[in-house]
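Below: my_file.cif (mmCIF, C-alpha atoms and all ligand atoms)
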data_upload
#
loop_
_atom_site.label_atom_id
_atom_site.label_comp_id
_atom_site.auth_asym_id
_atom_site.auth_seq_id
_atom_site.Cartn_x
_atom_site.Cartn_y
_atom_site.Cartn_z
CA MET A 1 -16.27 1.80 -11.82
CA GLU A 2 -17.22 0.70 -8.31
CA LEU A 3 -15.02 0.56 -5.20
CA LYS A 4 -15.65 -2.25 -2.77
CA THR A 5 -14.08 -3.84 0.31
CA PHE A 6 -11.98 -6.85 -0.70
CA GLU A 7 -13.49 -10.28 -0.07
CA ASN A 8 -11.83 -13.67 -0.44
CA LEU A 9 -13.97 -14.60 -3.40
CA TYR A 10 -12.02 -11.95 -5.36
CA LEU A 11 -8.60 -13.33 -4.38
CA GLN A 12 -7.61 -15.13 -7.59
CA GLU A 13 -8.87 -12.31 -9.78
CA THR A 14 -7.09 -9.73 -7.64
CA LYS A 15 -3.83 -11.66 -7.93
CA THR A 16 -4.23 -11.73 -11.71
CA VAL A 17 -4.75 -7.95 -11.70
CA LEU A 18 -1.62 -7.38 -9.61
CA LYS A 19 0.33 -9.69 -11.89
CA SER A 20 -0.81 -7.66 -14.87
CA ALA A 21 0.19 -4.42 -13.09
CA PHE A 22 3.59 -5.52 -11.78
CA PHE A 23 4.89 -8.31 -13.99
CA ARG A 24 8.20 -7.51 -15.66
CA GLU A 25 10.07 -10.08 -17.72
CA GLY A 26 12.96 -11.37 -15.61
CA SER A 27 11.63 -9.79 -12.41
CA ASN A 28 12.02 -11.49 -9.04
CA GLU A 29 10.10 -14.74 -9.05
CA VAL A 30 10.62 -15.45 -5.37
CA PHE A 31 9.16 -12.16 -4.17
CA ASN A 32 6.35 -10.72 -6.24
CA GLU A 33 3.47 -8.39 -5.48
CA TRP A 34 0.65 -10.80 -6.30
CA GLU A 35 1.84 -13.46 -3.84
CA PHE A 36 2.74 -10.71 -1.36
CA ALA A 37 -0.84 -9.38 -1.52
CA GLU A 38 -2.08 -12.78 -0.36
CA THR A 39 0.44 -12.88 2.52
CA VAL A 40 -0.81 -9.46 3.64
CA LEU A 41 -4.32 -10.88 4.00
CA ARG A 42 -3.03 -13.40 6.57
CA SER A 43 -0.79 -10.93 8.42
CA ASP A 44 -1.18 -9.29 11.82
CA GLY A 45 -1.51 -5.93 10.07
CA TYR A 46 -4.53 -6.81 7.95
CA VAL A 47 -7.47 -4.43 8.38
CA PRO A 48 -10.38 -5.78 6.26
CA GLU A 49 -12.06 -2.39 5.66
CA LEU A 50 -8.76 -0.99 4.36
CA CYS A 51 -8.32 -3.52 1.56
CA VAL A 52 -10.25 -2.13 -1.38
CA ILE A 53 -10.85 -3.37 -4.92
CA ALA A 54 -12.04 -1.48 -7.99
CA LEU A 55 -14.59 -3.25 -10.19
CA ASP A 56 -15.65 -2.63 -13.76
CA GLY A 57 -18.97 -4.46 -13.79
CA GLU A 58 -18.10 -7.84 -12.28
CA ALA A 59 -14.41 -7.65 -13.13
CA VAL A 60 -11.67 -6.66 -10.66
CA ILE A 61 -9.47 -3.96 -12.22
CA GLY A 62 -7.51 -2.59 -9.24
CA TYR A 63 -6.50 -3.18 -5.66
CA ASN A 64 -5.08 -1.17 -2.75
CA ALA A 65 -4.37 -2.14 0.84
CA LEU A 66 -3.44 -0.23 3.97
CA THR A 67 -1.95 -2.33 6.76
CA LYS A 68 -1.03 -1.54 10.35
CA ALA A 69 2.43 -0.11 10.92
CA VAL A 70 4.38 1.56 13.71
CA ILE A 71 6.83 4.47 13.68
CA GLY A 72 8.80 5.07 16.86
CA GLY A 73 6.10 3.35 18.91
CA GLN A 74 3.21 5.32 17.31
CA SER A 75 0.57 3.34 15.39
CA GLY A 76 -0.51 4.13 11.87
CA LEU A 77 -0.83 2.56 8.45
CA ALA A 78 1.34 1.59 5.50
CA LEU A 79 0.14 1.74 1.88
CA GLY A 80 0.55 -1.17 -0.51
CA PRO A 81 0.30 -3.16 -2.55
CA LEU A 82 -1.43 -0.86 -5.03
CA GLY A 83 -1.96 -2.01 -8.60
CA VAL A 84 -4.25 -1.39 -11.55
CA GLN A 85 -4.87 -3.82 -14.42
CA LYS A 86 -2.66 -2.75 -17.31
CA GLU A 87 -5.45 -1.91 -19.76
CA TYR A 88 -7.12 0.32 -17.15
CA GLN A 89 -4.08 2.33 -16.08
CA ASN A 90 -4.01 6.14 -16.37
CA ALA A 91 -7.79 6.37 -16.17
CA GLY A 92 -8.12 7.43 -12.54
CA VAL A 93 -8.58 3.97 -11.00
CA GLY A 94 -5.40 4.11 -8.86
CA SER A 95 -6.27 7.60 -7.61
CA ALA A 96 -9.81 6.54 -6.74
CA LEU A 97 -8.48 3.55 -4.76
CA VAL A 98 -5.90 5.62 -2.86
CA ARG A 99 -8.44 8.37 -2.05
CA GLU A 100 -10.98 5.81 -0.86
CA CYS A 101 -8.42 4.16 1.42
CA ILE A 102 -7.33 7.55 2.82
CA SER A 103 -10.92 8.47 3.52
CA ARG A 104 -11.61 5.12 5.24
CA ALA A 105 -8.42 5.47 7.32
CA LYS A 106 -9.60 8.92 8.50
CA GLU A 107 -12.97 7.50 9.48
CA LEU A 108 -11.19 4.83 11.51
CA ASN A 109 -9.16 7.58 13.26
CA TYR A 110 -5.70 6.51 12.09
CA SER A 111 -3.10 9.29 12.43
CA TRP A 112 -0.88 8.71 9.41
CA ILE A 113 -0.18 6.63 6.31
CA VAL A 114 3.39 5.83 5.30
CA LEU A 115 4.78 4.27 2.13
CA LEU A 116 7.92 3.63 0.14
CA GLY A 117 7.30 4.94 -3.35
CA GLY A 118 7.85 7.50 -6.07
CA GLY A 119 6.32 10.72 -7.39
CA TYR A 120 2.82 9.34 -7.91
CA TYR A 121 1.85 9.95 -4.30
CA THR A 122 2.46 13.70 -3.93
CA ARG A 123 -0.94 14.43 -5.52
CA PHE A 124 -2.66 12.84 -2.54
CA GLY A 125 -0.75 14.88 0.05
CA PHE A 126 2.13 12.53 0.82
CA GLU A 127 5.38 14.27 1.76
CA SER A 128 8.92 13.13 2.40
CA GLY A 129 9.42 11.27 5.66
CA LYS A 130 13.00 12.51 5.91
CA PRO A 131 12.32 15.79 7.78
CA TYR A 132 10.48 13.76 10.42
CA GLY A 133 13.44 11.44 10.92
CA ILE A 134 11.55 8.39 9.69
CA THR A 135 13.82 5.49 8.74
CA VAL A 136 13.30 1.97 7.43
CA SER A 137 16.23 0.28 9.08
CA ASP A 138 18.75 0.80 11.86
CA ASN A 139 21.62 1.58 9.51
CA GLU A 140 19.89 3.48 6.73
CA PHE A 141 18.88 7.05 7.53
CA ASP A 142 18.51 8.61 4.13
CA ASN A 143 15.80 6.76 2.23
CA GLU A 144 14.33 9.21 -0.27
CA HIS A 145 11.37 6.90 -1.00
CA ILE A 146 9.83 7.17 2.46
CA GLN A 147 6.68 9.25 2.26
CA ILE A 148 4.08 10.03 4.87
CA MET A 149 0.68 11.63 5.01
CA PHE A 150 -0.65 12.89 8.32
CA LEU A 151 -4.39 12.44 8.82
CA ASP A 152 -4.11 13.95 12.28
CA GLY A 153 -1.93 17.07 12.39
CA SER A 154 -1.12 16.57 16.04
CA ALA A 155 0.77 13.36 15.13
CA LYS A 156 3.39 15.40 13.22
CA ASN A 157 5.60 16.18 16.17
CA LYS A 158 5.52 12.70 17.67
CA THR A 159 5.99 10.52 14.59
CA SER A 160 9.69 9.90 14.24
CA GLY A 161 12.03 6.91 14.24
CA LYS A 162 12.07 3.51 12.65
CA LEU A 163 9.16 2.35 10.53
CA VAL A 164 8.03 -1.16 11.40
CA TYR A 165 5.60 -2.75 8.97
CA CYS A 166 3.36 -5.71 9.78
CA ASP A 167 4.94 -9.18 9.60
CA ALA A 168 4.07 -9.75 5.92
CA PHE A 169 6.70 -7.20 4.87
CA TYR A 170 9.65 -9.17 6.33
CA ASP A 171 11.33 -12.43 5.39
CA SER A 172 12.04 -15.19 7.90
CA ASP A 173 15.36 -13.48 8.80
CA GLY A 174 13.55 -10.25 9.60
CA ASN A 175 14.73 -8.41 6.49
CA LEU A 176 12.36 -6.02 4.75
CA LEU A 177 11.18 -7.65 1.49
C1 LIG B 201 0.86 3.32 -10.28
C2 LIG B 201 -0.59 2.94 -10.56
C3 LIG B 201 -1.21 2.28 -9.36
C4 LIG B 201 -1.37 4.24 -10.86
O1 LIG B 201 -2.73 3.94 -11.07
P1 LIG B 201 -3.46 4.51 -12.37
O2 LIG B 201 -4.89 4.18 -12.27
O3 LIG B 201 -2.72 4.02 -13.57
O4 LIG B 201 -3.16 6.07 -12.21
P2 LIG B 201 -4.20 7.28 -12.21
O5 LIG B 201 -5.04 7.20 -13.43
O6 LIG B 201 -4.86 7.36 -10.90
O7 LIG B 201 -3.19 8.50 -12.29
C5 LIG B 201 -2.56 8.75 -13.49
C6 LIG B 201 -1.49 9.77 -13.27
O8 LIG B 201 -0.46 9.17 -12.47
C7 LIG B 201 0.77 9.24 -13.15
N1 LIG B 201 1.52 8.02 -12.83
C8 LIG B 201 1.19 6.75 -13.09
N2 LIG B 201 2.14 5.90 -12.63
C9 LIG B 201 3.09 6.68 -12.07
C10 LIG B 201 4.33 6.41 -11.44
N3 LIG B 201 4.78 5.15 -11.28
N4 LIG B 201 5.05 7.47 -10.98
C11 LIG B 201 4.62 8.75 -11.13
N5 LIG B 201 3.44 9.06 -11.73
C12 LIG B 201 2.69 8.03 -12.20
C13 LIG B 201 0.38 9.30 -14.61
O9 LIG B 201 1.42 9.86 -15.38
C14 LIG B 201 -0.83 10.22 -14.55
O10 LIG B 201 -0.41 11.55 -14.39
P3 LIG B 201 -1.37 12.80 -14.79
O11 LIG B 201 -2.58 12.74 -13.89
O12 LIG B 201 -0.51 13.99 -14.50
O13 LIG B 201 -1.71 12.60 -16.22
C15 LIG B 201 -0.74 2.00 -11.79
O14 LIG B 201 -0.25 2.63 -12.92
C16 LIG B 201 -0.03 0.66 -11.60
O15 LIG B 201 -0.65 -0.31 -11.18
N6 LIG B 201 1.26 0.62 -11.97
C17 LIG B 201 2.07 -0.60 -11.84
C18 LIG B 201 2.23 -1.02 -10.41
C19 LIG B 201 2.83 0.05 -9.52
O16 LIG B 201 3.79 0.70 -9.91
N7 LIG B 201 2.24 0.23 -8.31
C20 LIG B 201 2.67 1.21 -7.36
C21 LIG B 201 3.85 0.73 -6.63
S1 LIG B 201 4.58 1.96 -5.59
#
Just give me the structure of the file as structure tokens.
Amino acid sequence: MELKTFENLYLQETKTVLKSAFFREGSNEVFNEWEFAETVLRSDGYVPELCVIALDGEAVIGYNALTKAVIGGQSGLALGPLGVQKEYQNAGVGSALVRECISRAKELNYSWIVLLGGGYYTRFGFESGKPYGITVSDNEFDNEHIQIMFLDGSAKNKTSGKLVYCDAFYDSDGNLL
């Protein structure tokens, strides 16, 4: 397996991979991760070096993106979408993609990476955002899915407040997708 910075020539294949990873019968056809991934590429939060694909030979088998985000006025990154082609899951591809993105984010001197997700992310050093007072909306203070990883320890005591993703994560009414 090889990890490589995403390029547009891989777009259709990457969307097919994300569809394979995320598709559930009857799932939301208006919002889906494979179309969302394309929106992210056109967003104000897109950082080319932080969109990474995994290849098996010439074939795309996984994708992970980190995009610019803000918490309480402090800049950092948000993780997602992350997906691995179904037949390649549970073979270390997702972990390799996440670790590569973390390492690239450190090199680029970002202070933290935030995400909304489940138990998969603890292995990389993500912790609950709750103790830091990180929220996703003005009226919702108790989101147990908010997780953060500090790449710069000194950011810990100044990263608090509402998480604002890049524009791709919101609909035209400003609601988080
Ligand atoms: C989640 C995903 C990216 C993980 O990538 P992967 O290459 O399959 O996973 P890895 O091989 O790196 O890691 C496998 C480990 O993660 C665990 N794992 C996989 N998916 C998990 C999940 N959703 N929640 C918790 N643990 C998970 C496996 O049980 C395995 O645990 P082990 O190491 O203790 O045996 C991949 O399964 C995927 O694309 N899933 C569907 C899309 C998705 O859910 N994306 C993330 C959205 S938040």
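Every residue having at least one atom no farther than 8 Å from ligand LIG 201 (chain B) is included below, with only C-alpha atoms and all ligand atoms taken into account: A:Leu18, A:Ala21, A:Phe22, A:Gly62, A:Gly80, A:Pro81, A:Leu82, A:Gly83, A:Val84, A:Gln85, A:Lys86, A:Tyr88, A:Gln89, A:Asn90, A:Ala91, A:Gly92, A:Val93, A:Gly94, A:Ser95, A:Ala96, A:Leu116, A:Gly117, A:Gly118, A:Gly119, A:Tyr120, A:Tyr121.
In terms of minimum interatomic distance to Gln74 in chain A, A:Gly161 ranks closest within A:Gly125, A:Gly174, A:Gly161, A:Pro48, counting all atoms listed in the file.
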Min atom-atom distance to Asn8 in chain A from the set A:Gly153, A:Glu33, A:Ser160, A:Glu38, counting all atoms listed in the file, belongs to A:Glu38
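CA of Leu97 in chain A sits 10.7 Å away from CA of Met1 in chain A.
Taking only C-alpha atoms into account, Tyr110 in chain A lies nearest to A:Val47 out of the set A:Ile146, A:Ile53, A:Val47, A:Ala37.
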task = Would you work out the distance separating CA of Ser111 in chain A from CA of Arg123 in chain A, expressed in Å to one decimal?
result =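 Taking CA of Ser111 in chain A as the start and CA of Arg123 in chain A as the end point, the length is 18.8 Å.
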